[in-house]
$ cat run02.txt   # compact mmCIF, C-alpha atoms
# COMPACT_ATOMS: atom_id res chain seq x y z
CA MET A 1 0.00 0.00 0.00
CA LYS A 2 2.84 2.41 0.79
CA HIS A 3 4.23 1.73 -2.65
CA LEU A 4 0.91 2.60 -4.28
CA ILE A 5 0.67 5.87 -2.39
CA HIS A 6 4.23 6.75 -3.33
CA VAL A 7 3.53 6.16 -7.05
CA ALA A 8 0.34 8.22 -6.96
CA ILE A 9 1.99 11.39 -5.66
CA PRO A 10 3.61 12.55 -8.96
CA ALA A 11 0.30 12.11 -10.76
CA CYS A 12 -1.44 14.25 -8.18
CA LEU A 13 1.22 16.91 -8.50
CA THR A 14 0.84 16.88 -12.27
CA LEU A 15 -2.90 17.35 -11.96
CA ALA A 16 -2.44 20.14 -9.46
CA ALA A 17 -0.24 22.00 -11.90
CA ALA A 18 -3.08 21.96 -14.41
CA CYS A 19 -5.66 23.18 -11.92
CA THR A 20 -6.54 26.72 -11.02
CA ALA A 21 -4.15 27.78 -8.26
CA GLY A 22 -5.59 27.34 -4.81
CA ALA A 23 -8.85 25.85 -6.03
CA GLN A 24 -10.30 22.36 -5.86
CA ALA A 25 -12.11 20.93 -8.85
CA LYS A 26 -15.85 20.93 -8.33
CA PRO A 27 -18.44 18.50 -9.73
CA VAL A 28 -20.83 21.09 -11.10
CA ALA A 29 -20.28 24.46 -12.76
CA ALA A 30 -22.85 27.18 -13.32
CA PRO A 31 -24.14 27.03 -16.91
CA ALA A 32 -23.65 30.76 -17.30
CA GLU A 33 -20.00 30.46 -16.34
CA VAL A 34 -19.48 27.56 -18.75
CA ALA A 35 -21.08 29.61 -21.51
CA LYS A 36 -18.74 32.54 -20.88
CA VAL A 37 -15.65 30.33 -21.00
CA TYR A 38 -16.95 28.62 -24.14
CA GLU A 39 -17.38 31.97 -25.88
CA ARG A 40 -13.79 32.84 -25.04
CA LEU A 41 -12.32 29.50 -26.06
CA LEU A 42 -14.17 28.80 -29.30
CA PRO A 43 -12.72 31.65 -31.41
CA GLN A 44 -9.22 30.59 -30.40
CA ILE A 45 -9.95 26.91 -31.09
CA GLU A 46 -11.30 27.85 -34.53
CA LYS A 47 -7.83 29.17 -35.41
CA ILE A 48 -6.01 25.93 -34.64
CA PRO A 49 -4.97 24.17 -37.87
CA ILE A 50 -6.19 20.58 -37.89
CA TYR A 51 -4.17 17.45 -38.48
CA ASP A 52 -6.83 14.96 -39.62
CA ASN A 53 -5.80 11.46 -38.54
CA HIS A 54 -8.35 9.57 -40.64
CA SER A 55 -10.30 10.28 -43.84
CA HIS A 56 -11.43 8.84 -47.14
CA ALA A 57 -11.01 12.03 -49.16
CA THR A 58 -12.32 11.09 -52.57
CA PHE A 59 -14.94 11.44 -55.26
CA PRO A 60 -17.80 8.91 -54.90
CA ASP A 61 -17.01 6.89 -58.03
CA ASP A 62 -13.35 6.30 -57.15
CA SER A 63 -13.00 2.56 -56.46
CA ASP A 64 -9.65 3.09 -54.70
CA MET A 65 -11.28 5.06 -51.88
CA ASP A 66 -11.36 1.98 -49.64
CA ALA A 67 -10.36 -1.67 -49.56
CA GLN A 68 -14.01 -2.66 -49.26
CA ALA A 69 -17.45 -1.47 -50.33
CA ALA A 70 -20.70 -0.90 -48.46
CA PRO A 71 -22.93 -3.97 -48.65
CA PRO A 72 -26.53 -3.52 -49.86
CA GLY A 73 -29.31 -2.81 -47.39
CA GLU A 74 -27.26 -0.80 -44.94
CA SER A 75 -29.27 1.44 -42.60
CA ALA A 76 -28.03 4.94 -41.80
CA VAL A 77 -27.98 6.63 -38.41
CA VAL A 78 -30.21 9.70 -38.11
CA ARG A 79 -27.46 12.23 -38.57
CA LEU A 80 -26.30 10.67 -41.84
CA ARG A 81 -29.66 10.66 -43.55
CA GLU A 82 -30.11 12.99 -46.49
CA ASP A 83 -32.74 15.10 -44.73
CA ASN A 84 -30.22 16.26 -42.12
CA PRO A 85 -30.22 20.07 -42.57
CA GLU A 86 -26.57 20.20 -41.52
CA PHE A 87 -25.61 18.88 -44.96
CA VAL A 88 -27.33 21.81 -46.61
CA ALA A 89 -25.44 24.13 -44.24
CA ALA A 90 -22.20 22.40 -45.24
CA ALA A 91 -22.91 22.84 -48.95
CA LYS A 92 -23.74 26.50 -48.43
CA SER A 93 -20.54 27.08 -46.47
CA LEU A 94 -18.25 25.22 -48.86
CA PHE A 95 -19.84 25.97 -52.24
CA GLY A 96 -22.36 28.78 -51.80
CA TYR A 97 -25.17 26.29 -52.44
CA PRO A 98 -28.23 28.43 -53.27
CA TYR A 99 -31.00 26.06 -52.12
CA ALA A 100 -32.50 24.98 -48.81
CA ASP A 101 -32.85 21.27 -49.58
CA PHE A 102 -31.34 18.38 -51.53
CA SER A 103 -34.25 17.66 -53.85
CA ALA A 104 -33.11 15.97 -57.06
CA GLU A 105 -33.53 19.18 -59.06
CA HIS A 106 -31.57 21.28 -56.57
CA ALA A 107 -28.90 18.70 -55.77
CA LYS A 108 -27.94 18.63 -59.46
CA TRP A 109 -26.39 22.08 -58.99
CA LEU A 110 -24.02 20.65 -56.38
CA ILE A 111 -23.34 17.38 -58.20
CA ASP A 112 -22.43 19.21 -61.43
CA LYS A 113 -19.93 21.38 -59.55
CA LYS A 114 -18.25 18.33 -58.02
CA LYS A 115 -18.22 16.44 -61.33
CA ALA A 116 -16.49 19.37 -63.00
CA ALA A 117 -13.80 19.34 -60.30
CA GLU A 118 -13.33 15.59 -60.77
CA VAL A 119 -12.98 15.92 -64.54
CA SER A 120 -10.36 18.64 -64.14
CA GLY A 121 -8.18 16.30 -62.06
CA ASN A 122 -6.68 19.34 -60.39
CA THR A 123 -5.28 18.96 -56.87
CA ALA A 124 -6.38 22.52 -56.10
CA TYR A 125 -9.98 21.35 -55.53
CA TRP A 126 -9.33 19.18 -52.49
CA ASP A 127 -6.68 21.59 -51.22
CA SER A 128 -9.37 24.26 -51.24
CA ILE A 129 -11.70 22.08 -49.16
CA LEU A 130 -8.98 21.69 -46.55
CA ASP A 131 -8.23 25.41 -46.65
CA LYS A 132 -11.87 26.35 -46.04
CA LEU A 133 -11.96 24.12 -42.96
CA ASN A 134 -8.48 25.07 -41.69
CA ILE A 135 -7.19 21.52 -42.10
CA GLU A 136 -3.44 21.60 -42.53
CA THR A 137 -2.75 17.91 -43.17
CA CYS A 138 -5.01 14.92 -43.79
CA LEU A 139 -4.36 11.19 -43.75
CA ALA A 140 -6.12 9.54 -46.68
CA ASN A 141 -7.04 5.85 -46.28
CA ARG A 142 -6.90 4.49 -49.82
CA VAL A 143 -5.80 1.55 -51.91
CA ALA A 144 -3.53 4.01 -53.71
CA LEU A 145 -3.15 7.76 -53.40
CA ALA A 146 -5.18 9.48 -56.13
CA PRO A 147 -3.48 11.91 -58.55
CA TYR A 148 -6.09 14.53 -57.64
CA LEU A 149 -4.85 14.58 -54.03
CA ASN A 150 -1.83 16.74 -53.25
CA PRO A 151 0.70 14.51 -51.41
CA GLN A 152 1.93 17.57 -49.53
CA ARG A 153 -1.47 17.82 -47.86
CA PHE A 154 -2.85 14.27 -48.10
CA HIS A 155 -0.68 11.51 -46.67
CA TRP A 156 -1.35 7.90 -47.65
CA VAL A 157 -2.53 5.15 -45.26
CA PHE A 158 -2.62 1.77 -47.03
CA PHE A 159 -4.56 -1.41 -46.26
CA VAL A 160 -3.05 -4.76 -45.24
CA ASP A 161 -5.99 -7.11 -44.52
CA SER A 162 -5.58 -8.76 -47.91
CA PHE A 163 -2.44 -10.56 -46.68
CA LEU A 164 -4.71 -12.53 -44.34
CA TYR A 165 -6.64 -14.08 -47.28
CA PRO A 166 -4.19 -15.81 -49.66
CA PHE A 167 -6.02 -19.14 -50.00
CA ASN A 168 -9.29 -20.31 -51.53
CA ASN A 169 -11.88 -18.09 -49.81
CA ARG A 170 -15.03 -19.91 -50.88
CA ASP A 171 -16.11 -20.67 -47.32
CA GLN A 172 -15.11 -17.22 -46.07
CA SER A 173 -17.23 -15.44 -48.68
CA ALA A 174 -20.22 -17.71 -48.04
CA LYS A 175 -20.51 -16.88 -44.33
CA ASN A 176 -22.87 -13.94 -44.90
CA GLY A 177 -23.85 -11.29 -47.41
CA ASP A 178 -21.38 -8.74 -46.10
CA LEU A 179 -18.37 -11.04 -46.48
CA GLY A 180 -19.64 -11.95 -49.92
CA VAL A 181 -18.93 -8.32 -50.82
CA TYR A 182 -15.76 -7.81 -48.75
CA ILE A 183 -13.66 -10.92 -49.41
CA PRO A 184 -13.48 -10.65 -53.24
CA LEU A 185 -12.18 -7.11 -52.77
CA GLN A 186 -9.43 -8.40 -50.48
CA GLU A 187 -8.48 -10.94 -53.12
CA LYS A 188 -8.29 -8.15 -55.68
CA ILE A 189 -5.96 -6.09 -53.50
CA LEU A 190 -3.72 -9.08 -52.81
CA GLN A 191 -3.43 -9.59 -56.57
CA HIS A 192 -2.55 -5.90 -56.86
CA TYR A 193 0.25 -6.36 -54.32
CA GLU A 194 1.47 -9.50 -56.08
CA LYS A 195 1.71 -7.59 -59.35
CA GLN A 196 3.46 -4.75 -57.54
CA GLY A 197 5.99 -7.28 -56.25
CA GLY A 198 6.51 -8.89 -59.66
CA LEU A 199 4.71 -12.12 -58.73
CA ASN A 200 2.37 -14.14 -60.92
CA ALA A 201 1.19 -16.37 -58.08
CA LEU A 202 1.72 -16.98 -54.38
CA PRO A 203 5.29 -17.86 -53.40
CA GLY A 204 6.00 -21.57 -53.03
CA ASP A 205 6.71 -21.57 -49.31
CA LEU A 206 5.94 -19.60 -46.16
CA ALA A 207 9.36 -17.97 -46.12
CA GLY A 208 8.66 -16.58 -49.57
CA TYR A 209 5.23 -15.35 -48.49
CA GLU A 210 6.70 -13.64 -45.42
CA SER A 211 9.29 -11.96 -47.61
CA PHE A 212 6.54 -10.80 -50.00
CA VAL A 213 4.53 -9.34 -47.10
CA ARG A 214 7.49 -7.55 -45.57
CA GLN A 215 8.71 -6.19 -48.90
CA THR A 216 5.26 -4.86 -49.84
CA LEU A 217 5.08 -2.88 -46.60
CA ALA A 218 8.54 -1.45 -47.23
CA ASP A 219 7.67 -0.59 -50.83
CA ASN A 220 4.41 1.13 -49.80
CA GLN A 221 6.28 3.16 -47.24
CA LYS A 222 8.73 4.27 -49.94
CA LYS A 223 5.75 5.24 -52.10
CA GLY A 224 4.65 7.66 -49.38
CA GLY A 225 2.69 5.46 -46.98
CA VAL A 226 2.78 6.92 -43.47
CA ALA A 227 0.78 4.15 -41.78
CA MET A 228 -0.85 0.80 -42.50
CA LYS A 229 -4.44 -0.05 -41.66
CA PHE A 230 -6.41 -3.12 -40.63
CA GLU A 231 -10.15 -3.32 -41.27
CA ALA A 232 -10.06 -6.80 -39.73
CA ALA A 233 -13.02 -6.12 -37.42
CA TYR A 234 -15.27 -6.39 -40.49
CA PHE A 235 -14.03 -9.90 -41.23
CA ARG A 236 -13.22 -11.54 -37.91
CA SER A 237 -12.51 -10.95 -34.22
CA LEU A 238 -9.79 -8.48 -33.30
CA TYR A 239 -8.39 -11.09 -30.94
CA PHE A 240 -5.24 -12.52 -32.50
CA SER A 241 -3.57 -15.54 -30.94
CA ASP A 242 0.16 -16.23 -31.21
CA PRO A 243 0.59 -19.56 -33.04
CA PRO A 244 4.02 -21.10 -33.69
CA ARG A 245 5.52 -20.72 -37.13
CA GLU A 246 5.49 -24.50 -37.64
CA LYS A 247 1.68 -24.57 -37.65
CA ALA A 248 1.42 -21.67 -40.11
CA GLU A 249 4.00 -23.30 -42.36
CA ALA A 250 2.09 -26.59 -42.45
CA ILE A 251 -1.12 -24.75 -43.37
CA PHE A 252 0.59 -22.72 -46.10
CA ASN A 253 2.19 -25.83 -47.60
CA LYS A 254 -1.20 -27.57 -47.59
CA TYR A 255 -3.27 -24.84 -49.25
CA HIS A 256 -1.08 -22.43 -51.22
CA SER A 257 -1.72 -24.37 -54.43
CA GLY A 258 -5.39 -25.16 -53.80
CA GLY A 259 -7.95 -26.54 -51.42
CA VAL A 260 -10.18 -24.85 -48.88
CA PRO A 261 -8.84 -24.40 -45.31
CA THR A 262 -11.04 -25.17 -42.34
CA GLU A 263 -12.12 -22.28 -40.14
CA ASP A 264 -9.54 -23.16 -37.49
CA GLU A 265 -6.74 -23.58 -40.01
CA TYR A 266 -7.44 -20.24 -41.67
CA ARG A 267 -7.68 -18.46 -38.32
CA THR A 268 -4.35 -19.92 -37.17
CA PHE A 269 -2.64 -18.86 -40.38
CA GLN A 270 -4.12 -15.36 -40.19
CA ASP A 271 -2.99 -14.94 -36.60
CA TYR A 272 0.56 -15.83 -37.59
CA VAL A 273 0.66 -13.51 -40.61
CA PHE A 274 -0.82 -10.74 -38.48
CA ARG A 275 2.19 -11.05 -36.16
CA VAL A 276 4.52 -10.84 -39.17
CA LEU A 277 2.81 -7.63 -40.25
CA ILE A 278 3.08 -6.08 -36.79
CA ASP A 279 6.72 -7.11 -36.48
CA GLN A 280 7.54 -5.54 -39.84
CA ALA A 281 5.69 -2.36 -38.90
CA GLY A 282 7.97 -2.08 -35.88
CA LYS A 283 11.07 -2.57 -38.01
CA LEU A 284 9.90 0.13 -40.45
CA HIS A 285 8.66 2.50 -37.70
CA LEU A 286 5.32 2.43 -39.51
CA PRO A 287 2.26 3.24 -37.34
CA VAL A 288 -0.49 0.62 -37.33
CA HIS A 289 -4.14 1.69 -37.59
CA PHE A 290 -7.09 -0.49 -36.59
CA HIS A 291 -10.78 -0.03 -37.25
CA SER A 292 -12.03 -0.40 -33.69
CA ALA A 293 -15.66 0.63 -33.52
CA VAL A 294 -19.15 -0.06 -34.80
CA GLY A 295 -19.18 -0.81 -38.52
CA ILE A 296 -21.47 -0.86 -41.54
CA GLY A 297 -23.38 -3.84 -42.87
CA ASP A 298 -25.99 -6.20 -41.50
CA TYR A 299 -23.54 -8.68 -39.97
CA PHE A 300 -20.91 -6.51 -38.30
CA SER A 301 -20.13 -7.91 -34.84
CA LEU A 302 -19.77 -5.33 -32.06
CA ARG A 303 -18.28 -8.01 -29.84
CA ASN A 304 -15.60 -8.90 -32.39
CA GLY A 305 -14.80 -5.22 -32.96
CA ASN A 306 -14.37 -4.38 -29.27
CA PRO A 307 -10.88 -2.84 -28.94
CA LEU A 308 -10.27 -4.84 -25.76
CA ASN A 309 -9.74 -7.83 -28.05
CA LEU A 310 -6.42 -6.25 -29.02
CA GLU A 311 -5.12 -5.92 -25.48
CA ASN A 312 -2.81 -8.94 -25.70
CA VAL A 313 -1.16 -7.38 -28.76
CA LEU A 314 -1.00 -3.82 -27.46
CA ARG A 315 0.59 -4.99 -24.19
CA ASP A 316 3.02 -7.39 -25.84
CA PRO A 317 6.59 -6.28 -24.98
CA ARG A 318 7.77 -7.47 -28.40
CA TYR A 319 5.80 -4.59 -29.92
CA LYS A 320 6.72 -1.84 -27.48
CA ASN A 321 8.24 0.18 -30.33
CA VAL A 322 5.18 -0.14 -32.58
CA THR A 323 2.82 2.84 -32.61
CA PHE A 324 -0.79 1.62 -32.50
CA VAL A 325 -3.64 3.96 -33.47
CA LEU A 326 -7.14 2.68 -32.71
CA ILE A 327 -9.32 4.77 -34.96
CA HIS A 328 -12.95 5.73 -34.32
CA GLY A 329 -12.34 5.78 -30.56
CA GLY A 330 -13.66 2.24 -30.17
CA TYR A 331 -17.19 3.65 -30.30
CA PRO A 332 -19.35 2.69 -28.45
CA TYR A 333 -16.57 1.34 -26.20
CA THR A 334 -15.06 4.78 -25.67
CA LEU A 335 -14.27 4.29 -21.97
CA GLU A 336 -12.47 1.02 -22.63
CA MET A 337 -10.61 2.75 -25.41
CA ILE A 338 -9.14 5.57 -23.37
CA TRP A 339 -7.77 3.11 -20.83
CA LEU A 340 -6.04 1.18 -23.60
CA THR A 341 -4.17 4.39 -24.43
CA ALA A 342 -2.55 4.25 -21.01
CA ALA A 343 0.10 2.21 -22.82
CA LYS A 344 2.84 4.52 -24.09
CA ASN A 345 2.53 3.40 -27.71
CA VAL A 346 -1.28 3.39 -28.06
CA TYR A 347 -3.37 6.30 -29.40
CA THR A 348 -6.94 6.85 -30.53
CA ASP A 349 -8.97 9.34 -32.54
CA SER A 350 -12.53 10.64 -32.71
CA SER A 351 -13.13 9.84 -36.37
CA LEU A 352 -16.62 8.63 -37.33
CA MET A 353 -18.01 9.90 -34.02
CA GLY A 354 -17.89 13.45 -35.38
CA TYR A 355 -20.83 12.71 -37.64
CA TYR A 356 -22.43 9.65 -36.05
CA VAL A 357 -23.31 11.50 -32.84
CA TYR A 358 -24.18 15.12 -32.22
CA PRO A 359 -21.72 17.55 -30.58
CA SER A 360 -23.45 17.23 -27.20
CA GLU A 361 -22.53 13.53 -27.04
CA LEU A 362 -19.09 14.01 -28.59
CA LYS A 363 -18.44 16.61 -25.91
CA ASN A 364 -19.04 14.04 -23.17
CA ILE A 365 -16.61 11.59 -24.77
CA LEU A 366 -13.90 14.19 -25.32
CA LYS A 367 -14.27 15.52 -21.79
CA GLN A 368 -13.67 12.05 -20.39
CA TRP A 369 -10.68 11.45 -22.67
CA ILE A 370 -9.11 14.84 -21.96
CA SER A 371 -9.56 14.30 -18.22
CA LEU A 372 -7.48 11.11 -18.45
CA TYR A 373 -4.95 11.05 -21.32
CA PRO A 374 -5.09 14.24 -23.41
CA GLU A 375 -1.74 13.47 -25.02
CA LYS A 376 -3.10 10.24 -26.56
CA ILE A 377 -6.16 11.50 -28.48
CA MET A 378 -6.49 12.96 -31.98
CA PHE A 379 -9.04 14.46 -34.30
CA GLY A 380 -10.16 12.39 -37.27
CA SER A 381 -12.93 13.26 -39.71
CA ASP A 382 -13.57 9.91 -41.42
CA ALA A 383 -14.78 12.07 -44.31
CA PHE A 384 -16.50 9.77 -46.78
CA PRO A 385 -18.74 10.23 -49.85
CA PHE A 386 -22.16 8.79 -49.05
CA ASN A 387 -23.65 9.69 -52.42
CA ASP A 388 -23.17 12.12 -55.30
CA ALA A 389 -24.60 15.07 -53.34
CA VAL A 390 -23.47 14.33 -49.78
CA GLY A 391 -19.80 13.75 -50.38
CA ALA A 392 -16.57 13.67 -48.44
CA GLU A 393 -16.65 17.47 -48.63
CA GLU A 394 -19.81 17.75 -46.53
CA THR A 395 -18.72 15.08 -44.05
CA PHE A 396 -15.38 16.89 -43.64
CA TRP A 397 -17.36 20.00 -42.72
CA LEU A 398 -19.69 18.17 -40.34
CA ALA A 399 -16.86 16.39 -38.51
CA VAL A 400 -14.76 19.54 -38.18
CA ARG A 401 -17.64 21.69 -36.92
CA SER A 402 -18.68 18.99 -34.44
CA ALA A 403 -15.16 18.54 -33.10
CA ARG A 404 -14.31 22.22 -32.68
CA THR A 405 -17.55 23.02 -30.86
CA ALA A 406 -17.54 19.81 -28.81
CA VAL A 407 -13.96 20.17 -27.60
CA ALA A 408 -14.58 23.85 -26.81
CA GLU A 409 -17.58 22.91 -24.68
CA ALA A 410 -15.74 20.04 -22.97
CA LEU A 411 -12.83 22.29 -22.10
CA ALA A 412 -15.14 25.11 -20.99
CA GLU A 413 -16.78 22.77 -18.50
CA LEU A 414 -13.40 21.66 -17.15
CA VAL A 415 -12.27 25.27 -16.77
CA ALA A 416 -15.52 26.29 -15.07
CA GLU A 417 -15.17 23.30 -12.74
CA ASN A 418 -11.69 24.54 -11.71
CA ALA A 419 -10.15 21.37 -13.14
CA ILE A 420 -7.82 23.22 -15.54
CA THR A 421 -6.91 26.76 -16.49
CA GLU A 422 -7.89 28.38 -19.77
CA SER A 423 -4.29 28.29 -20.96
CA LYS A 424 -4.14 24.57 -20.23
CA ALA A 425 -7.45 24.14 -22.05
CA LEU A 426 -6.00 25.69 -25.20
CA GLU A 427 -2.92 23.52 -24.88
CA PHE A 428 -5.15 20.44 -24.75
CA ALA A 429 -7.14 21.70 -27.75
CA HIS A 430 -3.93 22.04 -29.78
CA MET A 431 -2.91 18.53 -28.76
CA TYR A 432 -6.22 17.01 -29.83
CA LEU A 433 -6.67 18.94 -33.08
CA HIS A 434 -3.08 18.97 -34.29
CA ASP A 435 -0.04 18.32 -32.15
CA ASN A 436 -0.51 14.69 -31.10
CA ALA A 437 -0.93 13.52 -34.69
CA ALA A 438 1.91 15.70 -35.97
CA LYS A 439 4.19 14.11 -33.38
CA ILE A 440 3.29 10.57 -34.45
CA TYR A 441 3.85 11.15 -38.17
CA GLY A 442 6.88 13.38 -37.82
CA ASP A 443 5.28 16.62 -39.00
CA LYS A 444 6.20 19.94 -37.45
CA LYS A 445 4.10 23.07 -37.29

$ encode --input "run02.txt" --output "structure tokens"
Amino acid sequence: MKHLIHVAIPACLTLAAACTAGAQAKPVAAPAEVAKVYERLLPQIEKIPIYDNHSHATFPDDSDMDAQAAPPGESAVVRLREDNPEFVAAAKSLFGYPYADFSAEHAKWLIDKKKAAEVSGNTAYWDSILDKLNIETCLANRVALAPYLNPQRFHWVFFVDSFLYPFNNRDQSAKNGDLGVYIPLQEKILQHYEKQGGLNALPGDLAGYESFVRQTLADNQKKGGVAMKFEAAYFRSLYFSDPPREKAEAIFNKYHSGGVPTEDEYRTFQDYVFRVLIDQAGKLHLPVHFHSAVGIGDYFSLRNGNPLNLENVLRDPRYKNVTFVLIHGGYPYTLEMIWLTAAKNVYTDSSLMGYYVYPSELKNILKQWISLYPEKIMFGSDAFPFNDAVGAEETFWLAVRSARTAVAEALAELVAENAITESKALEFAHMYLHDNAAKIYGDKK
């Protein structure tokens, strides 16, 4: 017990330094006082340039925007439905949209403007979207970086799930309708990587396959990749065991030329290759991103996508030099998520949440995160084109507006509660909106 008390003292002193001198944090602040602090903080927070940790900046007909596609029949949350008036506000702000709705006749005005920008192929279009929203840098999750995205502003995050599916995937695709859409796309990307590596087929042994995997990661990094991403939660549990190489080798030898692996065999092989990918990421100093939240489709498993499934990997001392970024904040497991970031090499972002939930709810999440590990959280837009009218442009706007107002309100409450000073609040805002991400990816402001 004495040891525990001794360890706790520095943390208390650190907290005290952030608090208003001579005051104890209080559980409730007067709404009027919170409002006054909010009005002072928001204009300053608006000026902070954003480093967007996660987006799919793209035109809607670009097949390289993601390593998978939305399955049919997906239902949309309230805020992402076309009748959300915030999308009209976004179009007015970004494009001077002259109408008050997205009726087919009116939306054509907006669609034509975007189509013209796509045809031009000019990088100035997407640069201008970032400029209007005060986004300095944006990570673009894509199969390949598009020529219409300026690599000085948009940094490439590439996908690696395809390496987990090198065999006959008949049984995998047949599990449900979602996987029937997803798995063929993974096969296509693996073929893309094979062609990139000068291969006409899978290597003849596991050593060759491991070499192919490691070399592809190195090549993608040389092509500008700043991080690699797993969407594994869409396909399987995020729990990865640690099988011996001998088992993986036997499975590869059995199926690399044909045949359909059993469920257990495929899972064992995937778990081994996953460890190869993480090991190589550490060698390359390449951050590793995970989808770690609710997902689209009729068969997405919240249980499988729970970020706690990754705890045995995140806490593995072999990977202490690997930077893990759990995107989407683990939503709805946001409390579990922030405690995972207690590990020195684990971070998270608020992408997706910025347009799934309203600012009032995002504020509550950010307040909790900031109160615990403000140096481990980042802004992410998850900007994505939902249709020809409501594109990545509008979702950029919605996520940015939500985040700036939500973090301002969260910080205003903490200031009014005597938990932190206003100067500390602005420091935390800079960390969340820009500095934490810039530190991870080596950018300097």

$ residues_near_point --input "run02.txt" --point "(-11.3, -1.0, -36.3)" --cutoff "6 Å" --atoms "only C-alpha atoms" --output "list in words"
Glu231, Ala233, Phe290, His291, Ser292 and Ala293 of chain A

$ closest_atom_pairs --input "run02.txt" --of "region 132-244 of chain A" --to "region 366-383 of chain A" --cutoff "10 Å" --atoms "all atoms listed in the file" --output "JSON lines"
{"residue": "A:Cys138", "atom": "CA", "partner": "A:Gly380", "partner_atom": "CA", "distance": 8.7}
{"residue": "A:Leu139", "atom": "CA", "partner": "A:Gly380", "partner_atom": "CA", "distance": 8.8}
{"residue": "A:Ala140", "atom": "CA", "partner": "A:Asp382", "partner_atom": "CA", "distance": 9.1}
{"residue": "A:Asn141", "atom": "CA", "partner": "A:Asp382", "partner_atom": "CA", "distance": 9.1}

$ atom_distance --input "run02.txt" --atom1 "CA of Tyr99 (chain A)" --atom2 "CA of Asp83 (chain A)"
13.3 Å

$ closest_atom_pairs --input "run02.txt" --of "region 251-355 of chain A" --to "region 156-174 of chain A" --cutoff "9 Å" --atoms "only C-alpha atoms" --output "JSON lines"
{"residue": "A:Phe252", "atom": "CA", "partner": "A:Phe167", "partner_atom": "CA", "distance": 8.5}
{"residue": "A:Tyr255", "atom": "CA", "partner": "A:Phe167", "partner_atom": "CA", "distance": 6.4}
{"residue": "A:His256", "atom": "CA", "partner": "A:Phe167", "partner_atom": "CA", "distance": 6.1}
{"residue": "A:Ser257", "atom": "CA", "partner": "A:Phe167", "partner_atom": "CA", "distance": 8.1}
{"residue": "A:Gly258", "atom": "CA", "partner": "A:Asn168", "partner_atom": "CA", "distance": 6.6}
{"residue": "A:Gly259", "atom": "CA", "partner": "A:Asn168", "partner_atom": "CA", "distance": 6.4}
{"residue": "A:Val260", "atom": "CA", "partner": "A:Asn168", "partner_atom": "CA", "distance": 5.3}
{"residue": "A:Pro261", "atom": "CA", "partner": "A:Asn168", "partner_atom": "CA", "distance": 7.5}
{"residue": "A:Thr262", "atom": "CA", "partner": "A:Asp171", "partner_atom": "CA", "distance": 8.4}
{"residue": "A:Glu263", "atom": "CA", "partner": "A:Gln172", "partner_atom": "CA", "distance": 8.3}
{"residue": "A:Tyr266", "atom": "CA", "partner": "A:Tyr165", "partner_atom": "CA", "distance": 8.4}
{"residue": "A:Arg267", "atom": "CA", "partner": "A:Leu164", "partner_atom": "CA", "distance": 9.0}
{"residue": "A:Phe269", "atom": "CA", "partner": "A:Leu164", "partner_atom": "CA", "distance": 7.7}
{"residue": "A:Gln270", "atom": "CA", "partner": "A:Leu164", "partner_atom": "CA", "distance": 5.1}
{"residue": "A:Asp271", "atom": "CA", "partner": "A:Leu164", "partner_atom": "CA", "distance": 8.3}
{"residue": "A:Val273", "atom": "CA", "partner": "A:Leu164", "partner_atom": "CA", "distance": 6.6}
{"residue": "A:Phe274", "atom": "CA", "partner": "A:Leu164", "partner_atom": "CA", "distance": 7.3}
{"residue": "A:Leu277", "atom": "CA", "partner": "A:Val160", "partner_atom": "CA", "distance": 8.2}
{"residue": "A:His289", "atom": "CA", "partner": "A:Val157", "partner_atom": "CA", "distance": 8.6}

$ closest_residue --input "run02.txt" --among "A:Gln24, A:Asn53, A:Asn176, A:Ser211" --to "Asp349 (chain A)" --atoms "all atoms listed in the file"
A:Asn53

$ residues_around --input "run02.txt" --residues "Leu41 (chain A)" --least-positions-apart "2" --cutoff "12 Å" --atoms "all atoms listed in the file" --output "PyMOL selection string"
chain A and resi 34-39+43-48+404-416+421-430

$ write_last_selection --input "run02.txt" --atoms "C-alpha atoms" --output "CSV table (one decimal), in the frame of the given file"
chain,number,residue,atom,x,y,z
A,34,VAL,CA,-19.5,27.6,-18.8
A,35,ALA,CA,-21.1,29.6,-21.5
A,36,LYS,CA,-18.7,32.5,-20.9
A,37,VAL,CA,-15.6,30.3,-21.0
A,38,TYR,CA,-17.0,28.6,-24.1
A,39,GLU,CA,-17.4,32.0,-25.9
A,43,PRO,CA,-12.7,31.6,-31.4
A,44,GLN,CA,-9.2,30.6,-30.4
A,45,ILE,CA,-10.0,26.9,-31.1
A,46,GLU,CA,-11.3,27.8,-34.5
A,47,LYS,CA,-7.8,29.2,-35.4
A,48,ILE,CA,-6.0,25.9,-34.6
A,404,ARG,CA,-14.3,22.2,-32.7
A,405,THR,CA,-17.6,23.0,-30.9
A,406,ALA,CA,-17.5,19.8,-28.8
A,407,VAL,CA,-14.0,20.2,-27.6
A,408,ALA,CA,-14.6,23.8,-26.8
A,409,GLU,CA,-17.6,22.9,-24.7
A,410,ALA,CA,-15.7,20.0,-23.0
A,411,LEU,CA,-12.8,22.3,-22.1
A,412,ALA,CA,-15.1,25.1,-21.0
A,413,GLU,CA,-16.8,22.8,-18.5
A,414,LEU,CA,-13.4,21.7,-17.2
A,415,VAL,CA,-12.3,25.3,-16.8
A,416,ALA,CA,-15.5,26.3,-15.1
A,421,THR,CA,-6.9,26.8,-16.5
A,422,GLU,CA,-7.9,28.4,-19.8
A,423,SER,CA,-4.3,28.3,-21.0
A,424,LYS,CA,-4.1,24.6,-20.2
A,425,ALA,CA,-7.4,24.1,-22.0
A,426,LEU,CA,-6.0,25.7,-25.2
A,427,GLU,CA,-2.9,23.5,-24.9
A,428,PHE,CA,-5.2,20.4,-24.8
A,429,ALA,CA,-7.1,21.7,-27.8
A,430,HIS,CA,-3.9,22.0,-29.8
